[in-house]
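Shown below: data-v9.txt, with compact mmCIF, C-alpha atoms and all ligand atoms.
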# COMPACT_ATOMS: atom_id res chain seq x y z
CA MET B 1 7.16 -5.98 -7.90
CA LYS B 2 4.81 -5.39 -10.79
CA GLU B 3 3.12 -8.40 -12.20
CA ASN B 4 1.58 -8.81 -15.60
CA ILE B 5 -1.95 -10.03 -15.13
CA LYS B 6 -1.19 -12.86 -17.55
CA ASN B 7 1.16 -14.35 -14.94
CA LEU B 8 -1.42 -14.28 -12.22
CA THR B 9 -3.43 -17.40 -11.45
CA SER B 10 -5.98 -18.49 -8.89
CA LYS B 11 -2.99 -19.80 -6.90
CA ASN B 12 -0.95 -16.60 -6.66
CA ILE B 13 -3.47 -13.77 -7.01
CA VAL B 14 -4.26 -13.51 -3.28
CA GLU B 15 -0.60 -13.18 -2.39
CA PHE B 16 -0.20 -10.52 -5.06
CA ILE B 17 -3.21 -8.51 -3.90
CA GLY B 18 -1.88 -8.79 -0.33
CA SER B 19 1.45 -7.40 -1.45
CA ILE B 20 -0.35 -4.41 -2.97
CA PHE B 21 -2.01 -3.74 0.41
CA ASP B 22 1.36 -4.13 2.18
CA ARG B 23 3.35 -1.96 -0.20
CA ARG B 24 0.81 0.67 -1.17
CA GLY B 25 -1.92 0.58 1.47
CA ASP B 26 -0.55 3.74 3.11
CA GLU B 27 -1.21 5.84 0.04
CA GLU B 28 -3.53 8.77 0.44
CA TYR B 29 -7.21 8.35 -0.35
CA LEU B 30 -7.69 11.73 -1.94
CA GLY B 31 -9.55 14.15 0.29
CA GLU B 32 -10.45 11.52 2.92
CA PRO B 33 -9.06 11.15 6.47
CA VAL B 34 -8.00 7.50 5.90
CA THR B 35 -5.41 5.80 3.67
CA MET B 36 -6.44 3.60 0.73
CA GLY B 37 -5.61 0.48 2.75
CA GLN B 38 -7.58 1.61 5.80
CA HIS B 39 -10.53 2.52 3.59
CA MET B 40 -10.80 -0.91 1.98
CA LEU B 41 -10.06 -2.80 5.21
CA GLN B 42 -12.69 -0.77 7.05
CA GLY B 43 -15.35 -1.68 4.49
CA ALA B 44 -14.52 -5.36 4.92
CA THR B 45 -14.41 -5.10 8.72
CA LEU B 46 -17.76 -3.30 8.92
CA ALA B 47 -19.27 -5.91 6.60
CA GLU B 48 -18.02 -8.72 8.81
CA GLU B 49 -19.26 -7.02 11.97
CA ALA B 50 -22.68 -6.64 10.35
CA GLY B 51 -22.77 -10.38 9.63
CA GLN B 52 -22.63 -9.93 5.85
CA PRO B 53 -21.73 -12.95 3.70
CA ASP B 54 -18.16 -13.46 2.47
CA GLN B 55 -19.07 -12.20 -1.01
CA ILE B 56 -19.88 -8.78 0.44
CA ILE B 57 -16.86 -8.74 2.77
CA VAL B 58 -14.51 -9.53 -0.11
CA ALA B 59 -16.24 -7.14 -2.51
CA ALA B 60 -15.90 -4.30 0.03
CA LEU B 61 -12.25 -5.24 0.57
CA LEU B 62 -11.43 -5.11 -3.14
CA HIS B 63 -13.81 -2.49 -4.55
CA ASP B 64 -11.08 0.12 -4.98
CA ILE B 65 -8.36 -2.21 -6.28
CA GLY B 66 -8.66 -0.25 -9.54
CA HIS B 67 -6.68 2.55 -7.90
CA PHE B 68 -3.71 0.20 -8.20
CA THR B 69 -4.10 -1.02 -11.76
CA SER B 70 -0.60 0.11 -12.66
CA GLU B 71 0.43 -2.96 -10.63
CA PHE B 72 -1.11 -5.29 -13.15
CA GLY B 73 0.81 -4.10 -16.19
CA THR B 74 -2.08 -4.24 -18.62
CA PHE B 75 -3.22 -0.64 -18.63
CA THR B 76 -2.00 2.50 -20.35
CA MET B 77 -0.56 5.52 -18.60
CA GLU B 78 -3.83 7.41 -19.02
CA ASP B 79 -5.64 4.72 -17.04
CA THR B 80 -3.37 5.14 -14.03
CA GLU B 81 -4.88 8.60 -13.62
CA ASP B 82 -7.68 6.56 -12.01
CA ARG B 83 -10.51 7.86 -14.10
CA PHE B 84 -12.77 4.86 -14.40
CA HIS B 85 -10.91 3.03 -11.63
CA GLU B 86 -14.10 1.02 -11.17
CA ASP B 87 -13.86 -0.49 -14.68
CA ALA B 88 -10.15 -1.10 -14.38
CA GLY B 89 -10.62 -2.87 -11.05
CA ALA B 90 -13.52 -4.97 -12.32
CA GLN B 91 -11.43 -6.09 -15.29
CA VAL B 92 -8.88 -7.55 -12.92
CA LEU B 93 -11.43 -9.03 -10.52
CA GLU B 94 -13.64 -10.67 -13.14
CA LYS B 95 -10.79 -12.95 -14.15
CA PHE B 96 -10.62 -14.52 -10.70
CA PHE B 97 -13.79 -13.80 -8.74
CA PRO B 98 -17.51 -14.55 -9.11
CA LYS B 99 -19.42 -11.94 -11.11
CA VAL B 100 -21.17 -10.55 -8.07
CA ILE B 101 -17.79 -9.37 -6.74
CA SER B 102 -16.63 -7.76 -9.98
CA ASP B 103 -20.08 -6.17 -10.35
CA CYS B 104 -19.84 -4.61 -6.89
CA CYS B 105 -16.56 -3.07 -8.03
CA ARG B 106 -17.66 -2.11 -11.54
CA PHE B 107 -20.79 -0.36 -10.34
CA HIS B 108 -19.72 1.22 -7.06
CA VAL B 109 -19.53 4.67 -8.65
CA ALA B 110 -22.80 4.11 -10.54
CA ALA B 111 -24.36 3.08 -7.20
CA LYS B 112 -23.43 6.43 -5.76
CA ARG B 113 -25.08 8.22 -8.71
CA TYR B 114 -28.11 5.92 -8.28
CA LEU B 115 -28.48 6.56 -4.55
CA CYS B 116 -28.02 10.31 -5.02
CA ALA B 117 -30.98 10.26 -7.39
CA THR B 118 -33.22 7.96 -5.38
CA ASP B 119 -32.39 8.57 -1.70
CA PRO B 120 -32.30 12.19 -0.50
CA GLU B 121 -30.90 11.18 2.86
CA TYR B 122 -27.95 9.47 1.18
CA PHE B 123 -27.09 12.64 -0.69
CA SER B 124 -26.97 14.69 2.51
CA LYS B 125 -24.53 12.26 4.14
CA LEU B 126 -21.88 12.05 1.39
CA SER B 127 -18.37 13.13 2.33
CA GLU B 128 -17.07 16.34 0.82
CA ALA B 129 -14.61 14.52 -1.44
CA SER B 130 -17.32 12.15 -2.58
CA LEU B 131 -19.65 15.05 -3.38
CA HIS B 132 -16.90 16.72 -5.35
CA SER B 133 -16.19 13.62 -7.45
CA LEU B 134 -19.94 13.11 -8.02
CA SER B 135 -20.06 16.01 -10.46
CA LEU B 136 -17.04 14.62 -12.36
CA GLN B 137 -18.76 11.23 -12.45
CA GLY B 138 -21.90 12.56 -14.14
CA GLY B 139 -24.02 13.70 -11.18
CA PRO B 140 -27.17 11.88 -9.98
CA MET B 141 -28.66 9.35 -12.44
CA SER B 142 -31.47 10.28 -14.82
CA SER B 143 -34.71 8.27 -14.63
CA ASP B 144 -33.65 6.26 -17.71
CA GLU B 145 -30.34 5.42 -16.08
CA ILE B 146 -32.15 4.44 -12.88
CA SER B 147 -34.42 1.93 -14.65
CA LYS B 148 -31.50 0.42 -16.51
CA PHE B 149 -29.41 0.15 -13.36
CA GLU B 150 -32.25 -1.60 -11.51
CA GLU B 151 -32.13 -4.43 -14.05
CA ASN B 152 -28.81 -5.67 -12.61
CA PRO B 153 -29.53 -8.91 -10.71
CA ASN B 154 -26.81 -7.94 -8.21
CA LEU B 155 -28.37 -4.54 -7.47
CA GLU B 156 -28.91 -5.14 -3.77
CA LYS B 157 -25.35 -6.32 -3.17
CA ILE B 158 -23.92 -3.46 -5.19
CA ILE B 159 -25.84 -1.01 -2.99
CA THR B 160 -24.69 -2.77 0.18
CA VAL B 161 -21.06 -2.48 -0.89
CA ARG B 162 -21.59 1.19 -1.77
CA HIS B 163 -22.79 1.88 1.78
CA LEU B 164 -19.72 0.07 3.15
CA ASP B 165 -17.55 2.17 0.83
CA ASP B 166 -19.08 5.34 2.28
CA ALA B 167 -18.74 4.07 5.86
CA GLY B 168 -15.06 3.14 5.50
CA LYS B 169 -13.73 6.64 6.03
CA ASP B 170 -13.34 6.73 9.80
CA PRO B 171 -9.89 7.84 11.02
CA ASN B 172 -10.49 6.13 14.39
CA LEU B 173 -11.63 2.69 13.26
CA GLU B 174 -8.97 0.01 13.70
CA THR B 175 -9.04 -3.07 11.48
CA PRO B 176 -7.14 -6.31 11.01
CA ASP B 177 -4.71 -6.31 8.06
CA PHE B 178 -5.30 -7.85 4.64
CA TRP B 179 -3.95 -11.26 5.67
CA TYR B 180 -6.76 -11.72 8.16
CA PHE B 181 -9.19 -11.65 5.22
CA ALA B 182 -6.97 -13.62 2.81
CA PRO B 183 -8.68 -17.01 3.44
CA LYS B 184 -12.05 -15.49 2.56
CA VAL B 185 -10.55 -13.95 -0.59
CA GLN B 186 -9.14 -17.35 -1.59
CA SER B 187 -12.47 -19.06 -0.93
CA MET B 188 -14.25 -16.63 -3.27
CA ILE B 189 -11.70 -17.50 -5.96
CA GLU B 190 -12.36 -21.20 -5.41
CA GLN B 191 -16.07 -20.45 -5.79
CA LYS B 192 -15.40 -19.15 -9.28
CA THR B 193 -13.00 -21.92 -10.30
CA GLY B 194 -15.38 -24.50 -8.88
CA ALA B 195 -18.22 -23.08 -10.96
CA GLU B 196 -16.37 -23.36 -14.24
FE FE V 201 -14.05 3.38 -2.13
For this file, write the structure as structure tokens.
Ligand code: FE
Amino acid sequence: MKENIKNLTSKNIVEFIGSIFDRRGDEEYLGEPVTMGQHMLQGATLAEEAGQPDQIIVAALLHDIGHFTSEFGTFTMEDTEDRFHEDAGAQVLEKFFPKVISDCCRFHVAAKRYLCATDPEYFSKLSEASLHSLSLQGGPMSSDEISKFEENPNLEKIITVRHLDDAGKDPNLETPDFWYFAPKVQSMIEQKTGAE
């Protein structure tokens, strides 16, 4: 059940995203001991347990949706290779969600490069797969890149979601399924539609 993004609306997008979790959540998260679905659900669960606001919970839940962009029928075959999955995901999210949520997706790889350059402890705790992809992603940020990145008004939230991304790789952590979070996802969509 592929869906062209043009047919998706604020009324059916949550159901569609849920169907992606149901159908494809068991796919491998390359080099990590959890599936894609577990990874995203763990980020959301850890955010909720930490008392984070719904924006952060939903951003953590959806930050890797770009791994499934072939579902949305708007991208070329080269994109499905998941290079730049953060941009692809943000392009889908920005149509339906407040900017803070698409920013947390768009910049979650940049946030890793930022933290690697600014926080030595962070660097030492990265998973092996994450360290490996870091070099493909451009390595730690330069000082120019750091200053530019710090101009983003959503910086703090982007960093919070990055830490949840890194934490959501625990083979023993059980989580509720997507549908448990669906009302929060819908409420974030209403926040955007309400604001327009
Ligand atoms: Fe991730």
Ranking B:Asp177, B:Asp64, B:Asp166, B:Glu71 by minimum distance to Cys104 in chain B and counting all atoms listed in the file, which one comes first?
B:Asp64
Between CA of Gln38 in chain B and CA of Gly25 in chain B, what is the spacing in Å?
7.2 Å
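With only C-alpha atoms as the basis for measurement, B:Gln55 is the residue among B:Ser124, B:Ser19, B:Asn4, B:Gln55 that approaches Ser187 in chain B most closely.
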Selection as a PDB file with C-alpha atoms, in the coordinates of the input: residues within 8 Å of ligand FE 201 (chain V) by only C-alpha atoms and all ligand atoms:
ATOM      1  CA  HIS B  39     -10.530   2.520   3.590  1.00  0.00           C
ATOM      2  CA  MET B  40     -10.800  -0.910   1.980  1.00  0.00           C
ATOM      3  CA  HIS B  63     -13.810  -2.490  -4.550  1.00  0.00           C
ATOM      4  CA  ASP B  64     -11.080   0.120  -4.980  1.00  0.00           C
ATOM      5  CA  HIS B 108     -19.720   1.220  -7.060  1.00  0.00           C
ATOM      6  CA  ARG B 162     -21.590   1.190  -1.770  1.00  0.00           C
ATOM      7  CA  ASP B 165     -17.550   2.170   0.830  1.00  0.00           C
ATOM      8  CA  ASP B 166     -19.080   5.340   2.280  1.00  0.00           C
ATOM      9  CA  GLY B 168     -15.060   3.140   5.500  1.00  0.00           C
TER      10      GLY B 168
END
If you count all atoms listed in the file, the residue of B:Phe84, B:Phe178, B:Phe72, B:Phe149 closest to Lys6 in chain B turns out to be B:Phe72
Excluding same-chain residues fewer than 4 positions from Lys192 in chain B, what lies within 7 Å of it counting only C-alpha atoms, as a PyMOL selection string?
chain B and resi 96-98+188+196
Filtering to C-alpha atoms, could you give me those residues as a short mmCIF file (atom, residue, chain, number, x, y, z; two decimals), keeping the file's coordinate frame?
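So the final result, stored in part-v1.cif, reads:
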data_model
loop_
_atom_site.label_atom_id
_atom_site.label_comp_id
_atom_site.auth_asym_id
_atom_site.auth_seq_id
_atom_site.Cartn_x
_atom_site.Cartn_y
_atom_site.Cartn_z
CA PHE B 96 -10.62 -14.52 -10.70
CA PHE B 97 -13.79 -13.80 -8.74
CA PRO B 98 -17.51 -14.55 -9.11
CA MET B 188 -14.25 -16.63 -3.27
CA GLU B 196 -16.37 -23.36 -14.24
#
Please indicate the distance in Å from CA of Glu86 in chain B to CA of Phe107 in chain B, rounded to one decimal place.
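So the two atoms, CA of Glu86 in chain B and CA of Phe107 in chain B, lie 6.9 Å apart.
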Minimum-distance residue to Arg106 in chain B, chosen among B:Ile20, B:Leu30, B:Val161, B:Val14 (using only C-alpha atoms)
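Counting only C-alpha atoms, the residue closest to Arg106 in chain B is B:Val161.
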For CA of Phe16 in chain B and CA of Tyr180 in chain B, the interatomic separation in Å (one decimal)
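A separation of 14.8 Å between them.
For the choices B:Lys112, B:Leu155, B:Ala44, B:Glu28, the atom-to-atom distance to Ser130 in chain B is smallest for B:Lys112 when using all atoms listed in the file.
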Between B:Ile56, B:Glu15, B:Ala47, B:Gln42, smallest distance to Asn172 in chain B by all atoms listed in the file belongs to B:Gln42
Could the centre and edge lengths of an axis-aligned box, enclosing all atoms of range 8-11 of chain B in the file with 3 Å extra on each side, be given in Å to one decimal as JSON?
{"center_x": -3.7, "center_y": -17.0, "center_z": -9.6, "size_x": 10.6, "size_y": 11.5, "size_z": 11.3}
Give me the residues near Asn152 in chain B as a list in words, where near means some atom within 10 Å (using all atoms listed in the file) and where sequence neighbours in that chain fewer than 5 positions away do not count.
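My list of contacting residues is Asp103, Phe107, Ser147 and Ile158 of chain B.
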